[in-house]
>>> print(open('model_29.cif').read())   # mmCIF, C-alpha atoms
data_query
#
loop_
_atom_site.label_atom_id
_atom_site.label_comp_id
_atom_site.auth_asym_id
_atom_site.auth_seq_id
_atom_site.Cartn_x
_atom_site.Cartn_y
_atom_site.Cartn_z
CA MET Q 1 12.40 -2.27 -29.82
CA SER Q 2 12.26 -0.35 -26.57
CA GLN Q 3 14.62 -0.93 -23.70
CA PHE Q 4 11.71 -2.24 -21.66
CA LEU Q 5 10.89 -4.93 -24.21
CA LEU Q 6 14.49 -5.98 -24.78
CA TYR Q 7 15.44 -6.27 -21.13
CA SER Q 8 12.21 -7.93 -20.05
CA LEU Q 9 12.79 -10.62 -22.69
CA ALA Q 10 16.36 -10.94 -21.40
CA SER Q 11 14.99 -11.25 -17.86
CA ILE Q 12 12.69 -14.09 -18.92
CA GLY Q 13 15.70 -15.87 -20.45
CA LEU Q 14 17.81 -15.29 -17.36
CA THR Q 15 15.11 -16.53 -14.97
CA CYS Q 16 14.59 -19.66 -17.03
CA ILE Q 17 18.34 -20.37 -17.21
CA GLY Q 18 18.58 -19.92 -13.45
CA SER Q 19 15.59 -22.06 -12.54
CA TYR Q 20 16.57 -24.81 -14.97
CA HIS Q 21 19.99 -25.12 -13.33
CA LEU Q 22 18.45 -24.77 -9.88
CA ILE Q 23 16.38 -27.89 -10.57
CA VAL Q 24 18.93 -29.89 -12.51
CA GLN Q 25 22.30 -29.36 -10.80
CA PRO Q 26 22.96 -31.84 -7.98
CA HIS Q 27 25.88 -29.96 -6.44
CA LEU Q 28 24.56 -27.75 -3.65
CA VAL Q 29 26.89 -24.79 -4.14
CA ARG Q 30 25.87 -24.74 -7.80
CA LYS Q 31 22.25 -24.64 -6.69
CA VAL Q 32 23.03 -21.56 -4.61
CA LEU Q 33 24.71 -20.05 -7.67
CA ALA Q 34 21.63 -20.83 -9.77
CA LEU Q 35 19.38 -19.30 -7.12
CA ASN Q 36 21.38 -16.08 -7.35
CA VAL Q 37 21.06 -16.02 -11.13
CA THR Q 38 17.29 -16.61 -10.88
CA SER Q 39 16.85 -13.74 -8.45
CA SER Q 40 18.95 -11.52 -10.72
CA GLY Q 41 16.55 -12.41 -13.52
CA ILE Q 42 13.53 -11.32 -11.48
CA PHE Q 43 15.32 -8.09 -10.49
CA LEU Q 44 15.97 -7.42 -14.17
CA LEU Q 45 12.26 -7.87 -14.87
CA LEU Q 46 11.35 -5.37 -12.14
CA VAL Q 47 13.83 -2.74 -13.30
CA ALA Q 48 12.80 -3.19 -16.94
CA VAL Q 49 9.19 -2.66 -15.90
CA ALA Q 50 10.28 0.53 -14.13
CA ARG Q 51 11.46 1.76 -17.52
CA ARG Q 52 8.25 0.95 -19.39
CA ASN Q 53 7.69 4.57 -20.34
CA GLU Q 54 10.80 5.90 -22.06
CA HIS Q 55 9.76 9.53 -21.79
CA GLU Q 56 9.26 9.56 -18.05
CA PHE Q 57 11.71 9.28 -15.19
CA PRO Q 58 12.18 5.62 -14.27
CA ASP Q 59 9.74 4.42 -11.64
CA PRO Q 60 11.63 4.60 -8.32
CA VAL Q 61 9.49 2.11 -6.38
CA PRO Q 62 10.68 -1.03 -8.25
CA HIS Q 63 14.22 0.31 -7.88
CA ALA Q 64 13.84 0.47 -4.12
CA VAL Q 65 12.31 -3.01 -4.07
CA VAL Q 66 15.22 -4.44 -6.10
CA LEU Q 67 17.74 -2.74 -3.81
CA THR Q 68 16.09 -4.41 -0.84
CA GLY Q 69 16.06 -7.67 -2.78
CA ILE Q 70 19.79 -7.57 -3.50
CA VAL Q 71 20.61 -7.15 0.19
CA VAL Q 72 18.21 -9.94 1.21
CA ALA Q 73 19.63 -12.20 -1.52
CA VAL Q 74 23.17 -11.89 -0.18
CA SER Q 75 21.95 -12.70 3.34
CA VAL Q 76 20.16 -15.78 2.02
CA THR Q 77 23.26 -16.83 0.07
CA ALA Q 78 25.47 -16.49 3.14
CA LEU Q 79 23.12 -18.53 5.32
CA ALA Q 80 22.57 -21.13 2.57
CA LEU Q 81 26.31 -21.61 2.13
CA GLY Q 82 26.64 -21.95 5.90
CA ILE Q 83 24.02 -24.68 5.92
CA VAL Q 84 25.58 -26.44 2.92
CA ARG Q 85 28.88 -26.50 4.77
CA ARG Q 86 27.29 -28.06 7.83
CA MET Q 87 25.65 -30.90 5.95
CA PRO Q 88 27.23 -34.29 6.73
CA SER Q 89 29.60 -35.09 3.92
CA GLY Q 90 31.13 -38.39 2.92
CA SER Q 91 27.93 -40.29 3.66
CA ALA Q 92 27.38 -43.19 1.33
CA ASP Q 93 23.79 -42.31 0.45
CA GLU Q 94 24.00 -38.76 -0.79
CA PRO Q 95 27.29 -37.38 -2.04
CA VAL Q 96 25.47 -34.17 -2.95
CA ASP Q 97 28.42 -31.98 -2.12
CA GLU Q 98 30.96 -33.95 -4.06
CA GLU Q 99 33.18 -31.81 -6.21
CA GLU Q 100 33.28 -32.73 -9.88
CA THR Q 101 36.81 -31.56 -10.54
CA GLU Q 102 39.67 -30.34 -8.32
CA MET F 103 20.44 2.74 -33.40
CA ILE F 104 23.77 2.62 -31.58
CA SER F 105 22.04 2.40 -28.21
CA LEU F 106 19.90 -0.48 -29.41
CA ALA F 107 23.00 -2.32 -30.64
CA LEU F 108 24.68 -1.66 -27.29
CA ASP F 109 21.69 -2.90 -25.30
CA LEU F 110 21.30 -5.98 -27.50
CA SER F 111 24.93 -7.02 -27.21
CA LEU F 112 24.99 -6.29 -23.48
CA ALA F 113 21.88 -8.40 -22.88
CA ALA F 114 23.16 -11.24 -25.05
CA LEU F 115 26.56 -11.23 -23.35
CA THR F 116 24.96 -11.19 -19.90
CA LEU F 117 22.79 -14.20 -20.75
CA TRP F 118 25.71 -16.10 -22.22
CA VAL F 119 28.00 -15.47 -19.24
CA ALA F 120 25.19 -16.56 -16.88
CA TRP F 121 24.72 -19.79 -18.81
CA ARG F 122 28.45 -20.54 -18.83
CA ALA F 123 28.78 -19.70 -15.13
CA LEU F 124 26.15 -22.29 -14.24
CA SER F 125 27.13 -24.97 -16.72
CA HIS F 126 30.90 -24.87 -16.52
CA ARG F 127 32.52 -28.09 -15.29
CA ASP F 128 34.88 -26.36 -12.90
CA LEU F 129 33.06 -24.74 -10.00
CA PHE F 130 35.81 -22.20 -9.40
CA VAL F 131 35.62 -21.00 -13.00
CA GLY F 132 31.85 -20.86 -12.65
CA VAL F 133 32.11 -18.58 -9.63
CA VAL F 134 34.55 -16.27 -11.40
CA LEU F 135 32.16 -16.13 -14.34
CA TYR F 136 29.36 -15.30 -11.89
CA ILE F 137 31.37 -12.31 -10.65
CA ILE F 138 31.77 -11.16 -14.25
CA PHE F 139 28.03 -11.68 -14.71
CA GLY F 140 27.44 -9.43 -11.71
CA LEU F 141 29.56 -6.66 -13.22
CA LEU F 142 27.79 -6.98 -16.59
CA LEU F 143 24.50 -6.76 -14.72
CA SER F 144 25.72 -3.52 -13.13
CA LEU F 145 26.21 -2.14 -16.64
CA VAL F 146 22.66 -3.22 -17.48
CA TRP F 147 21.38 -1.33 -14.45
CA VAL F 148 23.20 1.78 -15.64
CA ARG F 149 21.62 1.38 -19.09
CA LEU F 150 18.20 1.17 -17.46
CA GLY F 151 18.77 4.35 -15.47
CA ALA F 152 19.16 2.64 -12.08
CA GLY F 153 22.34 4.13 -10.65
CA ASP F 154 21.63 3.17 -7.05
CA ILE F 155 21.08 -0.45 -8.01
CA ALA F 156 24.25 -0.48 -10.13
CA LEU F 157 26.31 0.61 -7.11
CA ALA F 158 24.69 -1.99 -4.87
CA GLU F 159 24.95 -4.78 -7.45
CA ALA F 160 28.65 -4.20 -8.07
CA ALA F 161 29.50 -4.08 -4.37
CA ILE F 162 27.09 -6.64 -2.93
CA GLY F 163 25.85 -8.76 -5.82
CA ALA F 164 29.13 -9.25 -7.65
CA GLY F 165 31.65 -8.46 -4.91
CA LEU F 166 30.40 -9.88 -1.64
CA THR F 167 28.40 -12.77 -3.10
CA GLY F 168 31.37 -13.61 -5.29
CA ALA F 169 33.68 -13.63 -2.27
CA LEU F 170 31.28 -15.91 -0.35
CA LEU F 171 31.01 -18.30 -3.29
CA LEU F 172 34.78 -18.32 -3.87
CA ASP F 173 35.26 -19.33 -0.25
CA ALA F 174 32.71 -22.10 -0.65
CA ALA F 175 34.10 -23.29 -3.99
CA SER F 176 37.77 -23.40 -3.05
CA ARG F 177 37.47 -24.96 0.36
CA ARG F 178 35.89 -28.23 -0.67
CA SER F 179 39.03 -29.87 -1.89
CA ARG F 180 41.19 -28.74 1.02
CA ARG F 181 39.03 -30.00 3.85
CA PRO F 182 39.94 -33.60 4.74
CA ARG F 183 37.15 -35.99 5.52
CA ASP F 184 36.86 -37.32 9.05
CA GLY F 185 39.68 -39.72 9.81
CA ALA F 186 40.88 -39.96 6.22
CA THR F 187 43.21 -38.12 3.90
CA ALA F 188 41.81 -35.97 1.11
CA LYS F 189 39.98 -37.99 -1.52
CA PRO F 190 41.70 -38.42 -4.87
CA ASP F 191 40.14 -36.31 -7.62
CA PRO F 192 37.26 -38.11 -9.31
CA ALA F 193 37.21 -38.11 -13.08
CA PRO F 194 35.62 -34.89 -14.31
CA ARG F 195 32.05 -35.42 -15.47
CA ARG F 196 30.89 -33.85 -18.69
CA GLY F 197 27.99 -31.63 -17.74
CA VAL F 198 24.89 -32.80 -15.95
CA ARG F 199 23.03 -35.83 -17.24
CA VAL F 200 19.28 -35.48 -16.76
CA PRO F 201 17.34 -38.74 -16.95
CA LEU F 202 14.89 -38.77 -19.83
CA SER F 203 11.98 -39.41 -17.48
CA GLN F 204 12.63 -36.16 -15.66
CA SER F 205 13.58 -33.94 -18.58
CA ALA F 206 9.99 -33.66 -19.84
CA GLY F 207 8.78 -32.51 -16.44
CA ILE F 208 11.60 -30.00 -16.11
CA ALA F 209 10.98 -28.67 -19.61
CA LEU F 210 7.30 -28.26 -18.75
CA LEU F 211 8.10 -26.39 -15.53
CA VAL F 212 10.57 -24.04 -17.16
CA SER F 213 8.34 -23.30 -20.14
CA THR F 214 5.39 -22.64 -17.81
CA LEU F 215 7.58 -20.15 -15.97
CA ALA F 216 8.55 -18.54 -19.26
CA GLY F 217 4.90 -18.40 -20.31
CA ILE F 218 3.77 -16.75 -17.09
CA LEU F 219 6.52 -14.15 -17.31
CA THR F 220 5.69 -13.44 -20.95
CA LEU F 221 2.05 -12.91 -20.02
CA VAL F 222 3.15 -10.52 -17.27
CA VAL F 223 5.36 -8.55 -19.64
CA SER F 224 2.78 -8.33 -22.41
CA GLY F 225 0.15 -7.03 -20.01
CA ILE F 226 2.19 -3.99 -18.99
CA ASP F 227 1.46 -0.72 -20.71
CA GLY F 228 3.52 2.39 -20.41
CA SER F 229 0.88 5.02 -19.75
CA PRO F 230 2.11 7.46 -17.10
CA ALA F 231 -1.08 7.24 -15.11
CA ARG F 232 -0.46 3.62 -14.22
CA GLY F 233 2.96 3.99 -12.63
CA LEU F 234 4.07 5.31 -9.28
CA THR F 235 6.55 7.79 -10.78
CA ARG F 236 4.10 10.69 -10.65
CA ASP F 237 3.06 9.85 -7.11
CA VAL F 238 6.64 9.89 -5.92
CA THR F 239 7.79 13.02 -7.79
CA ASP F 240 4.73 14.96 -6.69
CA ARG F 241 5.46 14.27 -3.04
CA LEU F 242 9.24 14.52 -3.21
CA ALA F 243 9.26 17.97 -1.65
CA GLU F 244 7.51 16.65 1.43
CA SER F 245 10.15 14.03 2.07
CA GLY F 246 13.11 16.39 2.20
CA ILE F 247 15.12 14.15 -0.14
CA VAL F 248 15.87 14.99 -3.76
CA GLN F 249 16.87 11.53 -5.02
CA PRO F 250 13.63 9.61 -5.65
CA VAL F 251 14.96 6.12 -4.88
CA THR F 252 16.38 7.22 -1.53
CA ALA F 253 13.13 9.00 -0.75
CA VAL F 254 11.19 5.82 -1.47
CA LEU F 255 13.58 3.70 0.58
CA VAL F 256 13.81 5.86 3.67
CA ILE F 257 10.55 7.82 3.77
CA PHE F 258 7.79 6.44 1.58
CA ARG F 259 8.57 2.73 2.00
CA GLY F 260 10.47 3.03 5.25
CA TYR F 261 8.60 0.01 6.58
CA ASP F 262 10.22 -2.26 3.98
CA THR F 263 13.64 -0.87 4.84
CA LEU F 264 13.02 -1.44 8.53
CA LEU F 265 12.22 -5.08 7.83
CA GLU F 266 15.22 -5.36 5.54
CA VAL F 267 17.58 -4.22 8.28
CA GLY F 268 15.80 -6.74 10.50
CA VAL F 269 16.47 -9.50 7.97
CA LEU F 270 20.16 -8.57 7.93
CA PHE F 271 20.23 -8.79 11.70
CA LEU F 272 18.49 -12.19 11.63
CA ALA F 273 21.02 -13.47 9.09
CA ALA F 274 23.89 -12.41 11.34
CA LEU F 275 22.20 -14.12 14.31
CA GLY F 276 21.70 -17.28 12.27
CA MET F 277 25.32 -17.29 11.20
CA LEU F 278 26.59 -16.83 14.76
CA ALA F 279 24.22 -19.54 15.97
CA SER F 280 25.27 -22.05 13.31
CA ARG F 281 28.92 -21.49 14.18
CA ARG F 282 28.11 -21.73 17.90
CA MET F 283 30.20 -18.64 18.42
CA ARG F 284 29.63 -15.59 20.49
CA ASP F 285 31.75 -13.39 18.29
CA LEU F 286 34.11 -13.64 15.35
CA SER F 287 37.46 -13.10 17.07
CA PRO F 288 38.54 -16.74 16.57
CA VAL F 289 38.10 -16.30 12.83
CA ALA F 290 39.94 -12.98 12.84
CA ARG F 291 42.81 -14.35 14.89
CA ALA F 292 43.11 -17.43 12.68
CA THR F 293 43.90 -15.45 9.52
CA LYS F 294 47.61 -15.16 8.86
CA GLU F 295 49.10 -11.77 8.15
CA ASP F 296 49.72 -11.29 4.45
CA PRO F 297 52.34 -8.67 3.42
CA VAL F 298 50.89 -8.20 -0.05
CA LEU F 299 47.37 -7.63 1.22
CA ASP F 300 48.85 -5.47 3.98
CA GLY F 301 50.23 -3.10 1.38
CA LEU F 302 46.90 -3.14 -0.41
CA VAL F 303 45.16 -2.26 2.84
CA ARG F 304 47.39 0.79 3.28
CA VAL F 305 46.40 2.06 -0.15
CA LEU F 306 42.77 1.01 -0.37
CA LEU F 307 41.41 1.39 3.14
CA PRO F 308 41.45 5.23 3.24
CA ALA F 309 39.90 5.32 -0.22
CA LEU F 310 37.19 2.83 0.77
CA VAL F 311 36.30 4.71 3.95
CA LEU F 312 36.15 8.03 2.11
CA THR F 313 34.03 6.53 -0.67
CA SER F 314 31.65 5.05 1.89
CA ALA F 315 31.27 8.39 3.67
CA HIS F 316 30.81 10.17 0.34
CA LEU F 317 28.08 7.78 -0.80
CA LEU F 318 26.34 8.18 2.54
CA LEU F 319 26.31 11.96 2.44
CA VAL F 320 25.49 12.31 -1.25
CA GLY F 321 22.63 9.79 -1.15
CA THR F 322 19.93 12.42 -0.77
CA HIS F 323 20.82 14.15 -4.02
CA ARG F 324 22.44 11.56 -6.26
CA PRO F 325 22.64 7.78 -6.53
CA GLY F 326 24.02 6.55 -3.26
CA GLY F 327 22.68 6.20 0.25
CA GLY F 328 22.93 3.99 3.29
CA PHE F 329 23.03 0.55 1.66
CA GLN F 330 25.67 1.45 -0.89
CA ALA F 331 27.81 3.11 1.79
CA GLY F 332 27.37 0.02 3.95
CA ALA F 333 28.45 -2.23 1.11
CA ILE F 334 31.69 -0.29 0.63
CA LEU F 335 32.25 -0.37 4.39
CA ALA F 336 31.77 -4.15 4.30
CA ALA F 337 34.38 -4.35 1.53
CA ALA F 338 36.82 -2.42 3.72
CA LEU F 339 36.20 -4.74 6.69
CA VAL F 340 36.53 -7.86 4.53
CA LEU F 341 39.83 -6.52 3.17
CA LEU F 342 41.09 -6.00 6.73
CA LEU F 343 40.01 -9.52 7.62
CA LEU F 344 41.70 -11.11 4.61
CA ALA F 345 44.92 -9.23 5.33
CA GLY F 346 44.95 -10.65 8.84
CA HIS F 347 45.01 -7.15 10.26
CA ARG F 348 45.06 -7.14 14.04
CA SER F 349 42.44 -4.41 14.25
CA VAL F 350 39.67 -6.78 13.17
CA SER F 351 40.20 -9.10 16.12
CA ALA F 352 39.55 -6.10 18.36
CA ILE F 353 35.88 -6.22 17.31
CA GLN F 354 34.85 -8.93 19.68
CA GLY F 355 32.20 -9.87 22.17
CA ALA F 356 30.00 -6.99 23.17
CA TRP F 357 31.36 -4.63 20.49
CA LEU F 358 30.36 -6.92 17.65
CA ARG F 359 26.90 -7.47 19.08
CA PHE F 360 26.52 -3.73 19.61
CA ALA F 361 27.53 -2.98 16.04
CA LEU F 362 25.17 -5.61 14.67
CA LEU F 363 22.29 -4.37 16.78
CA SER F 364 22.82 -0.64 16.49
CA GLY F 365 21.58 -0.22 12.95
CA PHE F 366 18.36 -2.09 13.48
CA LEU F 367 17.67 -0.50 16.86
CA THR F 368 18.36 3.03 15.63
CA PHE F 369 16.00 2.61 12.71
CA LEU F 370 13.41 1.03 14.99
CA ALA F 371 13.74 3.91 17.45
CA VAL F 372 13.27 6.48 14.69
CA ALA F 373 10.34 4.53 13.31
CA ALA F 374 8.62 3.93 16.65
CA GLY F 375 9.34 7.43 17.99
CA PRO F 376 6.20 8.97 16.50
CA MET F 377 4.13 6.36 18.31
CA LEU F 378 5.05 8.01 21.60
CA THR F 379 3.38 11.23 20.52
CA GLY F 380 0.28 9.52 19.24
CA ASP F 381 1.16 9.19 15.54
CA ARG F 382 1.48 5.87 13.77
CA LEU F 383 4.64 3.89 13.09
CA LEU F 384 7.07 5.73 10.80
CA GLU F 385 4.88 8.82 10.61
CA LEU F 386 7.80 11.21 10.91
CA PRO F 387 6.96 14.90 11.29
CA VAL F 388 7.84 16.65 8.04
CA VAL F 389 9.85 19.44 9.64
CA LEU F 390 12.20 17.11 11.51
CA SER F 391 12.52 14.38 8.93
CA SER F 392 15.50 15.91 7.12
CA ARG F 393 17.56 15.79 10.32
CA PHE F 394 16.62 12.22 11.02
CA ILE F 395 17.44 11.12 7.50
CA LEU F 396 21.20 11.29 7.98
CA VAL F 397 20.95 9.46 11.31
CA VAL F 398 18.84 6.74 9.74
CA GLU F 399 21.11 6.44 6.70
CA ALA F 400 24.21 6.23 8.90
CA ALA F 401 22.57 3.54 11.01
CA ILE F 402 21.69 1.62 7.86
CA ALA F 403 25.25 1.97 6.57
CA LEU F 404 26.81 0.76 9.81
CA ALA F 405 24.38 -2.13 10.15
CA THR F 406 24.80 -3.22 6.53
CA GLY F 407 28.58 -2.91 6.60
CA VAL F 408 29.18 -4.80 9.83
CA THR F 409 26.56 -7.46 9.08
CA LEU F 410 27.78 -8.21 5.57
CA ALA F 411 31.39 -8.39 6.78
CA SER F 412 30.32 -10.69 9.63
CA LEU F 413 28.46 -12.91 7.20
CA PHE F 414 31.65 -13.22 5.17
CA ALA F 415 33.80 -13.81 8.25
CA GLY F 416 31.32 -16.37 9.51
CA ALA F 417 31.83 -18.37 6.35
CA ARG F 418 35.56 -18.77 6.95
CA PRO F 419 36.66 -22.03 8.51
CA LEU F 420 38.86 -22.29 11.57
CA PRO F 421 42.06 -24.33 11.22
CA SER F 422 41.51 -27.92 12.35
CA SER F 423 42.93 -28.70 15.78
CA GLY F 424 43.52 -32.38 15.08
CA PRO F 425 44.38 -34.64 12.16
CA GLY F 426 41.47 -35.13 9.83
CA ARG F 427 39.06 -33.22 12.00
CA ASN F 428 37.64 -29.78 11.49
CA ASN F 429 36.45 -28.56 14.86
CA ALA F 430 34.71 -25.49 13.53
CA PHE F 431 31.97 -27.69 12.14
CA PRO F 432 31.29 -30.55 14.55
CA ALA F 433 29.86 -33.44 12.58
CA ALA F 434 26.29 -34.48 13.16
CA THR F 435 27.57 -37.78 14.49
CA ASP F 436 29.42 -36.21 17.44
CA GLU F 437 29.20 -38.08 20.70
CA PRO F 438 27.52 -35.98 23.42
#
>>> encode(input="model_29.cif", output="structure tokens")
Amino acid sequence: MSQFLLYSLASIGLTCIGSYHLIVQPHLVRKVLALNVTSSGIFLLLVAVARRNEHEFPDPVPHAVVLTGIVVAVSVTALALGIVRRMPSGSADEPVDEEETE
Amino acid sequence: MISLALDLSLAALTLWVAWRALSHRDLFVGVVLYIIFGLLLSLVWVRLGAGDIALAEAAIGAGLTGALLLDAASRRSRRPRDGATAKPDPAPRRGVRVPLSQSAGIALLVSTLAGILTLVVSGIDGSPARGLTRDVTDRLAESGIVQPVTAVLVIFRGYDTLLEVGVLFLAALGMLASRRMRDLSPVARATKEDPVLDGLVRVLLPALVLTSAHLLLVGTHRPGGGFQAGAILAAALVLLLLAGHRSVSAIQGAWLRFALLSGFLTFLAVAAGPMLTGDRLLELPVVLSSRFILVVEAAIALATGVTLASLFAGARPLPSSGPGRNNAFPAATDEP
């Protein structure tokens, strides 16, 4: 089993775990967490694809794309958490930011 | 055989930690597990021969994202609701209950996603002619950079990097706008001085600055470059902020805006410069490009470092000025 095959299968698993939790979790900060895991899964797919030929140097273009993606992902996370914080809390209809423990 | 066993266990561990991070009852524990997931992912990048990405993932993906999420996770219980004391802890729920009517639809969605990705993976063949590796390595001499990833980032796909620095700038603008602040000095002044972190700053800050400069300068020959240097710089600034160091509150008003703008504008100037002499955007003359590279990388590092640190600082709350009221985030029901 080549590295490409192993890690692309792992990336499929990671993306599915992330998107499942993104859909299912009601807590907004957890959704942001799941979004980060999903994007990490896609990055893993890209970097695994860059390694599809074991005898060559890894393809640098997907690497550059993933590097860009990591920086954009942290910007999105920061803005998303800022928006989550600004949402009106304590409203009777949608306690979407209620903490489960603590 | 050993490397296959290593890769298998690393991949399995990464998947398991990701699952536990998302499904754990306690959000704080989940965020800590996410940071561990980020570090495991950095090891995966190293296994796949992506040193630049490993550096960026550890600093930005695990470190800065983890810090942002920790702030978000720990603050919920401390912030009192308007006009009331903190709510008593609700009974901990066991996991997430998905109604049966929805679970079929969700299962269908997720399995469709898995199917599409499997189709994508199975359609990829490894013949050298179909990748971009040859194209990049053949033209590496033209770019003046030895490290292929840096060459792609700065020279061959410089347009994407220009837009990326623009996205960073937009994120900083959005954060400042949502806080209705003109700079971050209120946040910096609000942080109490911490003697333990102060000692840590004395030890770590020189090392962080040196590492950042090293990564910047070495980026043309080895894994490193502007974004990684910027990430380490952001870590240094965040450390200063957390320690309540007085130097951070000096970055206020025009200085902060200048620092945020400078990276994007420098890159834009370098990119648009050729247009003045009749060439197209980013069509840098080959002879001069090696001199511009360091300028561009330094601009990227400064922009990334200051923006990421500002994004973190922007997420910190200000202390409430009245009982039960957090003035940093005026409620939507404010009277005009």
>>> interface_residues(input="model_29.cif", of="chain Q", to="chain F", cutoff="6 Å", atoms="all atoms listed in the file", output="PDB file with C-alpha atoms, keeping the file's coordinate frame")
ATOM      1  CA  CYS Q  16      14.590 -19.660 -17.030  1.00  0.00           C
ATOM      2  CA  ARG Q  52       8.250   0.950 -19.390  1.00  0.00           C
ATOM      3  CA  ASN Q  53       7.690   4.570 -20.340  1.00  0.00           C
ATOM      4  CA  ASP Q  59       9.740   4.420 -11.640  1.00  0.00           C
ATOM      5  CA  PRO Q  60      11.630   4.600  -8.320  1.00  0.00           C
ATOM      6  CA  ALA Q  64      13.840   0.470  -4.120  1.00  0.00           C
ATOM      7  CA  LEU Q  67      17.740  -2.740  -3.810  1.00  0.00           C
ATOM      8  CA  SER Q  75      21.950 -12.700   3.340  1.00  0.00           C
ATOM      9  CA  GLU Q 100      33.280 -32.730  -9.880  1.00  0.00           C
ATOM     10  CA  THR Q 101      36.810 -31.560 -10.540  1.00  0.00           C
TER      11      THR Q 101
END
>>> closest_residue(input="model_29.cif", among="F:Leu310, F:Leu299, F:Val119, F:Val131", to="Gly332 of chain F", atoms="all atoms listed in the file")
F:Leu310
>>> atom_distance(input="model_29.cif", atom1="atom CA of Leu370 of chain F", atom2="atom CA of Arg393 of chain F")
16.0 Å
>>> closest_residue(input="model_29.cif", among="Q:Leu5, Q:Val29, Q:Ile12, Q:Ile17", to="Ala80 of chain Q", atoms="all atoms listed in the file")
Q:Val29
>>> residues_around(input="model_29.cif", residues="segment 320-324 of chain F", least_positions_apart="3", cutoff="6 Å", atoms="all atoms listed in the file", output="CSV table (one decimal) with C-alpha atoms, in the coordinates of the input")
chain,number,residue,atom,x,y,z
F,247,ILE,CA,15.1,14.2,-0.1
F,248,VAL,CA,15.9,15.0,-3.8
F,249,GLN,CA,16.9,11.5,-5.0
F,316,HIS,CA,30.8,10.2,0.3
F,317,LEU,CA,28.1,7.8,-0.8
F,327,GLY,CA,22.7,6.2,0.2
>>> atom_distance(input="model_29.cif", atom1="atom CA of Val74 of chain Q", atom2="atom CA of His27 of chain Q")
19.3 Å
>>> resolve_selection(input="model_29.cif", expression="the PyMOL selection byres ((chain Q and resi 21) around 8)", output="PyMOL selection string")
(chain Q and resi 17-20+22-25+31+34) or (chain F and resi 124-125)
>>> closest_residue(input="model_29.cif", among="Q:Val37, Q:Ala78, Q:Val84, Q:Leu46", to="Val66 of chain Q", atoms="all atoms listed in the file")
Q:Leu46
>>> closest_residue(input="model_29.cif", among="F:Gly207, F:Gly328, F:Gly225, F:Gly268", to="Val49 of chain Q", atoms="all atoms listed in the file")
F:Gly225
>>> closest_residue(input="model_29.cif", among="Q:Met1, Q:Leu35, Q:Leu14, Q:Leu28", to="Ala73 of chain Q", atoms="all atoms listed in the file")
Q:Leu35
>>> atom_distance(input="model_29.cif", atom1="atom CA of Leu242 of chain F", atom2="atom CA of Ala400 of chain F")
21.0 Å
>>> closest_residue(input="model_29.cif", among="Q:Thr77, Q:Gln3, Q:Ser11, Q:Arg30", to="Phe43 of chain Q", atoms="only C-alpha atoms")
Q:Ser11
>>> axis_aligned_box(input="model_29.cif", around="segment 257-269 of chain F", padding_each_side="6 Å", output="lines of an AutoDock Vina configuration file")
center_x = 12.7
center_y = -0.8
center_z = 6.0
size_x = 21.8
size_y = 29.3
size_z = 20.9
>>> residues_around(input="model_29.cif", residues="Arg359 of chain F", least_positions_apart="4", cutoff="12 Å", atoms="all atoms listed in the file", output="list in words")
Phe271, Ala274, Leu275, Leu278, Met283, Arg284, Asp285, Leu286, Ile353, Gln354, Gly355, Leu363, Ser364, Gly365, Phe366, Leu367, Ala405, Val408, Thr409 and Ser412 of chain F
>>> write_last_selection(input="model_29.cif", atoms="C-alpha atoms", output="CSV table (one decimal), keeping the file's coordinate frame")
chain,number,residue,atom,x,y,z
F,271,PHE,CA,20.2,-8.8,11.7
F,274,ALA,CA,23.9,-12.4,11.3
F,275,LEU,CA,22.2,-14.1,14.3
F,278,LEU,CA,26.6,-16.8,14.8
F,283,MET,CA,30.2,-18.6,18.4
F,284,ARG,CA,29.6,-15.6,20.5
F,285,ASP,CA,31.8,-13.4,18.3
F,286,LEU,CA,34.1,-13.6,15.4
F,353,ILE,CA,35.9,-6.2,17.3
F,354,GLN,CA,34.8,-8.9,19.7
F,355,GLY,CA,32.2,-9.9,22.2
F,363,LEU,CA,22.3,-4.4,16.8
F,364,SER,CA,22.8,-0.6,16.5
F,365,GLY,CA,21.6,-0.2,13.0
F,366,PHE,CA,18.4,-2.1,13.5
F,367,LEU,CA,17.7,-0.5,16.9
F,405,ALA,CA,24.4,-2.1,10.2
F,408,VAL,CA,29.2,-4.8,9.8
F,409,THR,CA,26.6,-7.5,9.1
F,412,SER,CA,30.3,-10.7,9.6
>>> residues_around(input="model_29.cif", residues="Leu335 of chain F", least_positions_apart="6", cutoff="8 Å", atoms="all atoms listed in the file", output="list of chain:residue names")
F:Leu310, F:Val311, F:Ser314, F:Ala403, F:Leu404, F:Gly407, F:Val408
>>> resolve_selection(input="model_29.cif", expression="the PyMOL selection byres ((chain F and resi 293) around 12)", output="VMD selection string")
chain F and resid 286 to 292 294 to 296 299 340 to 348 350 to 351 415 418 to 421
